[in-house]
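K.L.:
The structure that follows is given in the form of structure tokens.
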Amino acid sequence: MTAFGTQFVPEMALATFDGEQWSTPSLVRSDSISLHPGAHVLHYASTCFEGLKAFSHPDGSHHIFRMDQNIKRMAQSSRLLSLPEVDESMLRTMILDLVGRYTDEIPASPGTLYLRPTHMGTEAAIGKAAAPSNESMLYVLASPVGDYFAGGDATLRVLIDQEGMRCAPHMGMVKSGGNYASALQVLNKARKEYQADQVLFCPHGDVQETAAANFILIDGNELITKALDSSFLHGVTRASVLTLAAEMGLTVSERDLSADELIERIANPDAEAALSGTAAVLTPVGTLIYQGKDYTVGTGKPGVTTLKLRKALNDIQFGVAEDRFGWLTQV
Ligand SMILES: *Cc1c(COP(=O)(O)O)cnc(C)c1O
């Protein structure tokens, strides 16, 4: 199987902002773009992106999951990066046009068509280190992907890092390119020294999230995750899982969690931990590495509640269960 996100449909939707207005979006070849080497994004990282998915249903229809949430977040990221304002209805049309043209490329369950809207500052102005780009490019790439979840008893090893930070604190809720590069050193070290799969960033003991997914702790009937603030990315999957958990009768606690409390709670045999995100859906965590020592989460196996929540979410996405929250947009 090809690696996640390395295969693309032949076209993408693209629009440019010239300083005054957006061009009419069009479908163009997806294998290259033309950028001036002095483009703002290449020097000053004025870029943000989104990740969302389209699904094939058993009745042959096609649906995009919570598209409006991703569009809103894209507009917010763009604003926080001082990029030109995203025209939300235009972006919506771009996504629907692209997916509508390539419904044949939406894999059958458990595969999906992963969509990657991307917005970047394109003004050729290397003197603008301290000023925004007046021009930008917005495009939507589409990549057919398989099931990211290994299944079976596979769980992740996650290192708790209390020294580093994923990104600058005021950039946490921005889905911006630079944040991911900024987390790589810590990640590479964790992989090499601890055979960790991911790093859970906990600056000064405050449990935040991993490099590209939110963190959820389940302790018996309680689900605990950090309350929304500007320090981390507000995941659409996180919000959806919290809704489903409440519907199942779990107590949902959005609050601060310290690394010490986390380690104490995972000793409970009922404890579960998971990473949530569009690509990962809900991926179980089996081991936390804390101050150089391994700690097993609950039984170390994928948790029953984690798998139940994962299935409840997937069932809506793939049209197996009713879309009772109005999360799907038919293409
Ligand atoms: C994208 C992302 C998430 C997950 O967000 P979803 O909307 O659930 O896909 C969480 N954390 C970070 C840092 C992310 O980039």
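Residue numbering restarts at 1 for every chain of the structure tokens, chains are lettered A, B, ... in their displayed order, and ligands are numbered from 1 as they appear.
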Just want the 9 Å neighbourhood of Ala312 of chain A, counted on only C-alpha atoms, with same-chain residues fewer than 4 positions away dropped. Output as a ChimeraX atom specification.

P.N.:
/A:241,244,307-308,316-317,321

K.L.:
Those same residues - all heavy atoms - I'd like them written as a PDB file, in the first residue's frame.

P.N.:
ATOM      1  N   VAL A 241     -16.202  13.432  18.918  1.00  0.00           N
ATOM      2  CA  VAL A 241     -16.076  12.351  19.902  1.00  0.00           C
ATOM      3  C   VAL A 241     -16.722  12.762  21.229  1.00  0.00           C
ATOM      4  O   VAL A 241     -17.401  11.959  21.873  1.00  0.00           O
ATOM      5  CB  VAL A 241     -14.580  11.956  20.088  1.00  0.00           C
ATOM      6  CG1 VAL A 241     -14.386  11.107  21.341  1.00  0.00           C
ATOM      7  CG2 VAL A 241     -14.076  11.215  18.859  1.00  0.00           C
ATOM      8  N   LEU A 244     -20.424  12.355  20.868  1.00  0.00           N
ATOM      9  CA  LEU A 244     -20.822  10.941  20.881  1.00  0.00           C
ATOM     10  C   LEU A 244     -20.670  10.345  22.281  1.00  0.00           C
ATOM     11  O   LEU A 244     -21.493   9.526  22.710  1.00  0.00           O
ATOM     12  CB  LEU A 244     -19.977  10.151  19.872  1.00  0.00           C
ATOM     13  CG  LEU A 244     -20.252  10.499  18.406  1.00  0.00           C
ATOM     14  CD1 LEU A 244     -19.193   9.887  17.496  1.00  0.00           C
ATOM     15  CD2 LEU A 244     -21.648  10.037  17.989  1.00  0.00           C
ATOM     16  N   LEU A 307     -12.809   1.977  21.308  1.00  0.00           N
ATOM     17  CA  LEU A 307     -13.256   1.288  20.089  1.00  0.00           C
ATOM     18  C   LEU A 307     -14.736   1.544  19.820  1.00  0.00           C
ATOM     19  O   LEU A 307     -15.158   1.660  18.661  1.00  0.00           O
ATOM     20  CB  LEU A 307     -12.968  -0.214  20.193  1.00  0.00           C
ATOM     21  CG  LEU A 307     -11.471  -0.584  20.269  1.00  0.00           C
ATOM     22  CD1 LEU A 307     -11.282  -2.091  20.385  1.00  0.00           C
ATOM     23  CD2 LEU A 307     -10.697  -0.039  19.058  1.00  0.00           C
ATOM     24  N   LYS A 308     -15.514   1.666  20.897  1.00  0.00           N
ATOM     25  CA  LYS A 308     -16.943   1.950  20.742  1.00  0.00           C
ATOM     26  C   LYS A 308     -17.162   3.354  20.159  1.00  0.00           C
ATOM     27  O   LYS A 308     -17.984   3.547  19.253  1.00  0.00           O
ATOM     28  CB  LYS A 308     -17.616   1.869  22.134  1.00  0.00           C
ATOM     29  CG  LYS A 308     -18.912   1.072  22.151  1.00  0.00           C
ATOM     30  CD  LYS A 308     -19.384   0.833  23.579  1.00  0.00           C
ATOM     31  CE  LYS A 308     -20.457   1.819  23.984  1.00  0.00           C
ATOM     32  NZ  LYS A 308     -20.878   1.643  25.398  1.00  0.00           N
ATOM     33  N   ILE A 316     -21.355   6.760  11.412  1.00  0.00           N
ATOM     34  CA  ILE A 316     -22.009   7.957  10.840  1.00  0.00           C
ATOM     35  C   ILE A 316     -21.302   8.346   9.545  1.00  0.00           C
ATOM     36  O   ILE A 316     -21.931   8.581   8.514  1.00  0.00           O
ATOM     37  CB  ILE A 316     -21.986   9.136  11.844  1.00  0.00           C
ATOM     38  CG1 ILE A 316     -22.862   8.826  13.065  1.00  0.00           C
ATOM     39  CG2 ILE A 316     -22.442  10.425  11.160  1.00  0.00           C
ATOM     40  CD1 ILE A 316     -22.808   9.883  14.153  1.00  0.00           C
ATOM     41  N   GLN A 317     -19.965   8.374   9.591  1.00  0.00           N
ATOM     42  CA  GLN A 317     -19.199   8.831   8.428  1.00  0.00           C
ATOM     43  C   GLN A 317     -19.452   7.964   7.196  1.00  0.00           C
ATOM     44  O   GLN A 317     -19.591   8.466   6.087  1.00  0.00           O
ATOM     45  CB  GLN A 317     -17.699   8.837   8.770  1.00  0.00           C
ATOM     46  CG  GLN A 317     -17.355   9.888   9.812  1.00  0.00           C
ATOM     47  CD  GLN A 317     -15.896   9.844  10.246  1.00  0.00           C
ATOM     48  OE1 GLN A 317     -15.301   8.777  10.385  1.00  0.00           O
ATOM     49  NE2 GLN A 317     -15.321  11.010  10.466  1.00  0.00           N
ATOM     50  N   ALA A 321     -24.743   4.293  10.231  1.00  0.00           N
ATOM     51  CA  ALA A 321     -25.689   4.802  11.223  1.00  0.00           C
ATOM     52  C   ALA A 321     -26.273   6.114  10.699  1.00  0.00           C
ATOM     53  O   ALA A 321     -25.681   6.767   9.833  1.00  0.00           O
ATOM     54  CB  ALA A 321     -24.991   5.034  12.556  1.00  0.00           C
TER      55      ALA A 321
END

K.L.:
Once you count only C-alpha atoms, what closest atom pair and distance in Å to one decimal does each residue of segment 253-315 of chain A within 6 Å of segment 215-220 of chain A have, with rows by chain and rising residue number, as CSV?

P.N.:
residue,atom,partner,partner_atom,distance
A:Asp270,CA,A:Gly220,CA,5.3
A:Ala271,CA,A:Asp219,CA,4.5
A:Glu272,CA,A:Ile218,CA,4.9
A:Ala273,CA,A:Leu217,CA,4.5
A:Ala274,CA,A:Ile216,CA,5.3
A:Leu275,CA,A:Phe215,CA,4.8

K.L.:
Please, could you write that set of residues out with N, CA and C atoms as an mmCIF file, in the first residue's frame?

P.N.:
data_model
loop_
_atom_site.group_PDB
_atom_site.id
_atom_site.type_symbol
_atom_site.label_atom_id
_atom_site.label_comp_id
_atom_site.auth_asym_id
_atom_site.auth_seq_id
_atom_site.Cartn_x
_atom_site.Cartn_y
_atom_site.Cartn_z
ATOM 1 N N ASP A 270 -9.250 0.125 34.150
ATOM 2 C CA ASP A 270 -10.300 0.632 33.244
ATOM 3 C C ASP A 270 -9.811 1.785 32.378
ATOM 4 N N ALA A 271 -8.607 2.285 32.644
ATOM 5 C CA ALA A 271 -8.169 3.514 31.974
ATOM 6 C C ALA A 271 -7.847 3.243 30.495
ATOM 7 N N GLU A 272 -8.136 4.267 29.676
ATOM 8 C CA GLU A 272 -7.825 4.211 28.247
ATOM 9 C C GLU A 272 -7.301 5.578 27.825
ATOM 10 N N ALA A 273 -6.488 5.586 26.804
ATOM 11 C CA ALA A 273 -6.038 6.861 26.242
ATOM 12 C C ALA A 273 -6.056 6.724 24.734
ATOM 13 N N ALA A 274 -6.312 7.854 24.050
ATOM 14 C CA ALA A 274 -6.396 7.800 22.593
ATOM 15 C C ALA A 274 -6.014 9.146 21.989
ATOM 16 N N LEU A 275 -5.548 9.089 20.744
ATOM 17 C CA LEU A 275 -5.281 10.298 19.973
ATOM 18 C C LEU A 275 -6.421 10.488 18.985
#

K.L.:
Considering only C-alpha atoms and all ligand atoms, state which residue in the set A:Gly127, A:Gly51, A:Pro110, A:Gly319 is at the smallest distance from ligand 1.

P.N.:
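Of the candidates, the smallest distance to ligand 1 is held by A:Gly51.
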
K.L.:
Using only C-alpha atoms and all ligand atoms, which residues have at least one atom no more than 10 Å from ligand 1? Output them as number ranges by chain.

P.N.:
A: 48-53, 66, 69-70, 73, 166-167, 172-177, 179-180, 183, 208-215, 231-241, 275-282

K.L.:
Excluding Val145 of chain A and residues on its chain fewer than 4 positions from it, collect all residues at most 7 Å away from it, counting only C-alpha atoms, and give them as a PDB file with C-alpha atoms, in the first residue's frame.

P.N.:
ATOM      1  CA  PHE A   4      -0.846   8.018   3.464  1.00  0.00           C
ATOM      2  CA  GLY A   5      -1.169  11.182   1.392  1.00  0.00           C
ATOM      3  CA  GLY A 111     -10.925   3.946   2.535  1.00  0.00           C
ATOM      4  CA  THR A 112     -11.712   7.648   2.153  1.00  0.00           C
ATOM      5  CA  LEU A 113     -10.822  10.635  -0.001  1.00  0.00           C
ATOM      6  CA  TYR A 114      -8.677  12.911   2.173  1.00  0.00           C
TER       7      TYR A 114
END

K.L.:
Restricting the calculation to only C-alpha atoms, which member of A:Ala45, A:Ala131, A:Ala125, A:Ala142 is positioned closest to Asp31 of chain A?

P.N.:
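Ranking A:Ala45, A:Ala131, A:Ala125, A:Ala142 by distance to Asp31 of chain A, first place goes to A:Ala142.
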
K.L.:
With distances taken over only C-alpha atoms, which of A:Ile263, A:Ser182, A:Pro203, A:Thr305 is nearest to Glu222 of chain A?

P.N.:
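Selected residue with least distance to Glu222 of chain A: A:Thr305.
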
K.L.:
Env of Lys226 of chain A: 7 Å cut, atoms = only C-alpha atoms, seq-sep filter 5 positions within chain, self excluded. Answer as an mmCIF file with all heavy atoms, in the first residue's frame.

P.N.:
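Wrote selection31.cif, looks like this:
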data_model
loop_
_atom_site.group_PDB
_atom_site.id
_atom_site.type_symbol
_atom_site.label_atom_id
_atom_site.label_comp_id
_atom_site.auth_asym_id
_atom_site.auth_seq_id
_atom_site.Cartn_x
_atom_site.Cartn_y
_atom_site.Cartn_z
ATOM 1 N N GLN A 208 -1.297 18.782 26.716
ATOM 2 C CA GLN A 208 -1.922 19.496 25.601
ATOM 3 C C GLN A 208 -2.316 18.530 24.486
ATOM 4 O O GLN A 208 -3.435 18.041 24.464
ATOM 5 C CB GLN A 208 -0.993 20.605 25.100
ATOM 6 C CG GLN A 208 -0.825 21.714 26.137
ATOM 7 C CD GLN A 208 0.016 22.874 25.643
ATOM 8 O OE1 GLN A 208 0.818 22.737 24.729
ATOM 9 N NE2 GLN A 208 -0.146 24.026 26.281
ATOM 10 N N GLU A 254 -14.102 18.624 30.286
ATOM 11 C CA GLU A 254 -13.136 19.437 29.547
ATOM 12 C C GLU A 254 -12.441 20.302 30.576
ATOM 13 O O GLU A 254 -13.029 21.254 31.099
ATOM 14 C CB GLU A 254 -13.840 20.305 28.504
ATOM 15 C CG GLU A 254 -14.438 19.503 27.361
ATOM 16 C CD GLU A 254 -15.056 20.409 26.313
ATOM 17 O OE1 GLU A 254 -14.306 21.042 25.531
ATOM 18 O OE2 GLU A 254 -16.303 20.509 26.284
ATOM 19 N N ARG A 255 -11.210 19.941 30.866
ATOM 20 C CA ARG A 255 -10.487 20.658 31.916
ATOM 21 C C ARG A 255 -8.997 20.400 31.782
ATOM 22 O O ARG A 255 -8.564 19.527 31.044
ATOM 23 C CB ARG A 255 -10.976 20.188 33.285
ATOM 24 C CG ARG A 255 -10.732 18.696 33.562
ATOM 25 C CD ARG A 255 -10.800 18.454 35.068
ATOM 26 N NE ARG A 255 -10.809 17.068 35.453
ATOM 27 C CZ ARG A 255 -9.710 16.350 35.720
ATOM 28 N NH1 ARG A 255 -8.509 16.880 35.561
ATOM 29 N NH2 ARG A 255 -9.811 15.089 36.126
ATOM 30 N N ASP A 256 -8.217 21.146 32.545
ATOM 31 C CA ASP A 256 -6.773 20.917 32.555
ATOM 32 C C ASP A 256 -6.472 19.578 33.221
ATOM 33 O O ASP A 256 -7.168 19.158 34.153
ATOM 34 C CB ASP A 256 -6.063 22.044 33.315
ATOM 35 C CG ASP A 256 -5.981 23.317 32.477
ATOM 36 O OD1 ASP A 256 -6.217 23.216 31.255
ATOM 37 O OD2 ASP A 256 -5.693 24.375 33.048
ATOM 38 N N LEU A 257 -5.422 18.940 32.713
ATOM 39 C CA LEU A 257 -4.984 17.660 33.243
ATOM 40 C C LEU A 257 -3.467 17.766 33.359
ATOM 41 O O LEU A 257 -2.806 18.187 32.416
ATOM 42 C CB LEU A 257 -5.388 16.562 32.252
ATOM 43 C CG LEU A 257 -4.947 15.130 32.513
ATOM 44 C CD1 LEU A 257 -5.684 14.565 33.738
ATOM 45 C CD2 LEU A 257 -5.245 14.245 31.297
#

K.L.:
From a backbone DSSP assignment, name each residue in segment 3-236 of chain A labelled alpha helix (DSSP H), as an mmCIF file with C-alpha atoms, in the first residue's frame.

P.N.:
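Ended up saving to result-v7.cif:
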data_model
loop_
_atom_site.group_PDB
_atom_site.id
_atom_site.type_symbol
_atom_site.label_atom_id
_atom_site.label_comp_id
_atom_site.auth_asym_id
_atom_site.auth_seq_id
_atom_site.Cartn_x
_atom_site.Cartn_y
_atom_site.Cartn_z
ATOM 1 C CA HIS A 40 6.227 35.266 1.228
ATOM 2 C CA VAL A 41 5.359 31.695 2.264
ATOM 3 C CA LEU A 42 8.818 30.359 1.358
ATOM 4 C CA HIS A 43 10.563 32.855 3.623
ATOM 5 C CA TYR A 44 8.122 33.744 6.376
ATOM 6 C CA MET A 67 -16.955 20.487 6.022
ATOM 7 C CA ASP A 68 -18.288 23.746 7.442
ATOM 8 C CA GLN A 69 -16.192 23.313 10.603
ATOM 9 C CA ASN A 70 -13.012 22.899 8.562
ATOM 10 C CA ILE A 71 -13.846 25.888 6.366
ATOM 11 C CA LYS A 72 -14.429 28.040 9.449
ATOM 12 C CA ARG A 73 -11.131 26.906 10.962
ATOM 13 C CA MET A 74 -9.312 27.635 7.677
ATOM 14 C CA ALA A 75 -10.711 31.170 7.716
ATOM 15 C CA GLN A 76 -9.644 31.542 11.352
ATOM 16 C CA SER A 77 -6.108 30.220 10.724
ATOM 17 C CA SER A 78 -5.774 32.609 7.774
ATOM 18 C CA ARG A 79 -6.866 35.543 9.929
ATOM 19 C CA LEU A 80 -4.444 34.624 12.725
ATOM 20 C CA GLU A 88 -15.786 30.773 2.893
ATOM 21 C CA SER A 89 -18.535 30.187 0.359
ATOM 22 C CA MET A 90 -15.968 30.123 -2.438
ATOM 23 C CA LEU A 91 -13.892 27.532 -0.577
ATOM 24 C CA ARG A 92 -17.032 25.475 -0.014
ATOM 25 C CA THR A 93 -17.752 25.543 -3.762
ATOM 26 C CA MET A 94 -14.141 24.605 -4.551
ATOM 27 C CA ILE A 95 -14.326 21.546 -2.283
ATOM 28 C CA LEU A 96 -17.719 20.446 -3.636
ATOM 29 C CA ASP A 97 -16.670 20.965 -7.275
ATOM 30 C CA LEU A 98 -13.490 18.954 -6.851
ATOM 31 C CA VAL A 99 -15.094 16.087 -4.941
ATOM 32 C CA GLY A 100 -18.103 16.107 -7.281
ATOM 33 C CA ARG A 101 -15.797 15.746 -10.271
ATOM 34 C CA GLY A 177 2.889 24.721 8.460
ATOM 35 C CA GLY A 178 5.578 26.108 10.751
ATOM 36 C CA ASN A 179 4.067 24.454 13.820
ATOM 37 C CA TYR A 180 4.783 20.989 12.434
ATOM 38 C CA ALA A 181 8.390 21.718 11.543
ATOM 39 C CA SER A 182 8.839 23.197 15.012
ATOM 40 C CA ALA A 183 7.803 19.909 16.677
ATOM 41 C CA LEU A 184 10.090 17.660 14.626
ATOM 42 C CA GLN A 185 13.265 17.827 16.713
ATOM 43 C CA VAL A 186 11.484 16.617 19.831
ATOM 44 C CA LEU A 187 9.705 13.910 17.810
ATOM 45 C CA ASN A 188 12.868 12.609 16.163
ATOM 46 C CA LYS A 189 14.602 12.389 19.519
ATOM 47 C CA ALA A 190 11.644 10.555 21.063
ATOM 48 C CA ARG A 191 11.642 8.033 18.227
ATOM 49 C CA LYS A 192 15.357 7.420 18.482
ATOM 50 C CA GLU A 193 15.813 7.368 22.244
ATOM 51 C CA TYR A 194 12.524 5.849 23.397
ATOM 52 C CA VAL A 236 -13.237 18.550 14.680
#
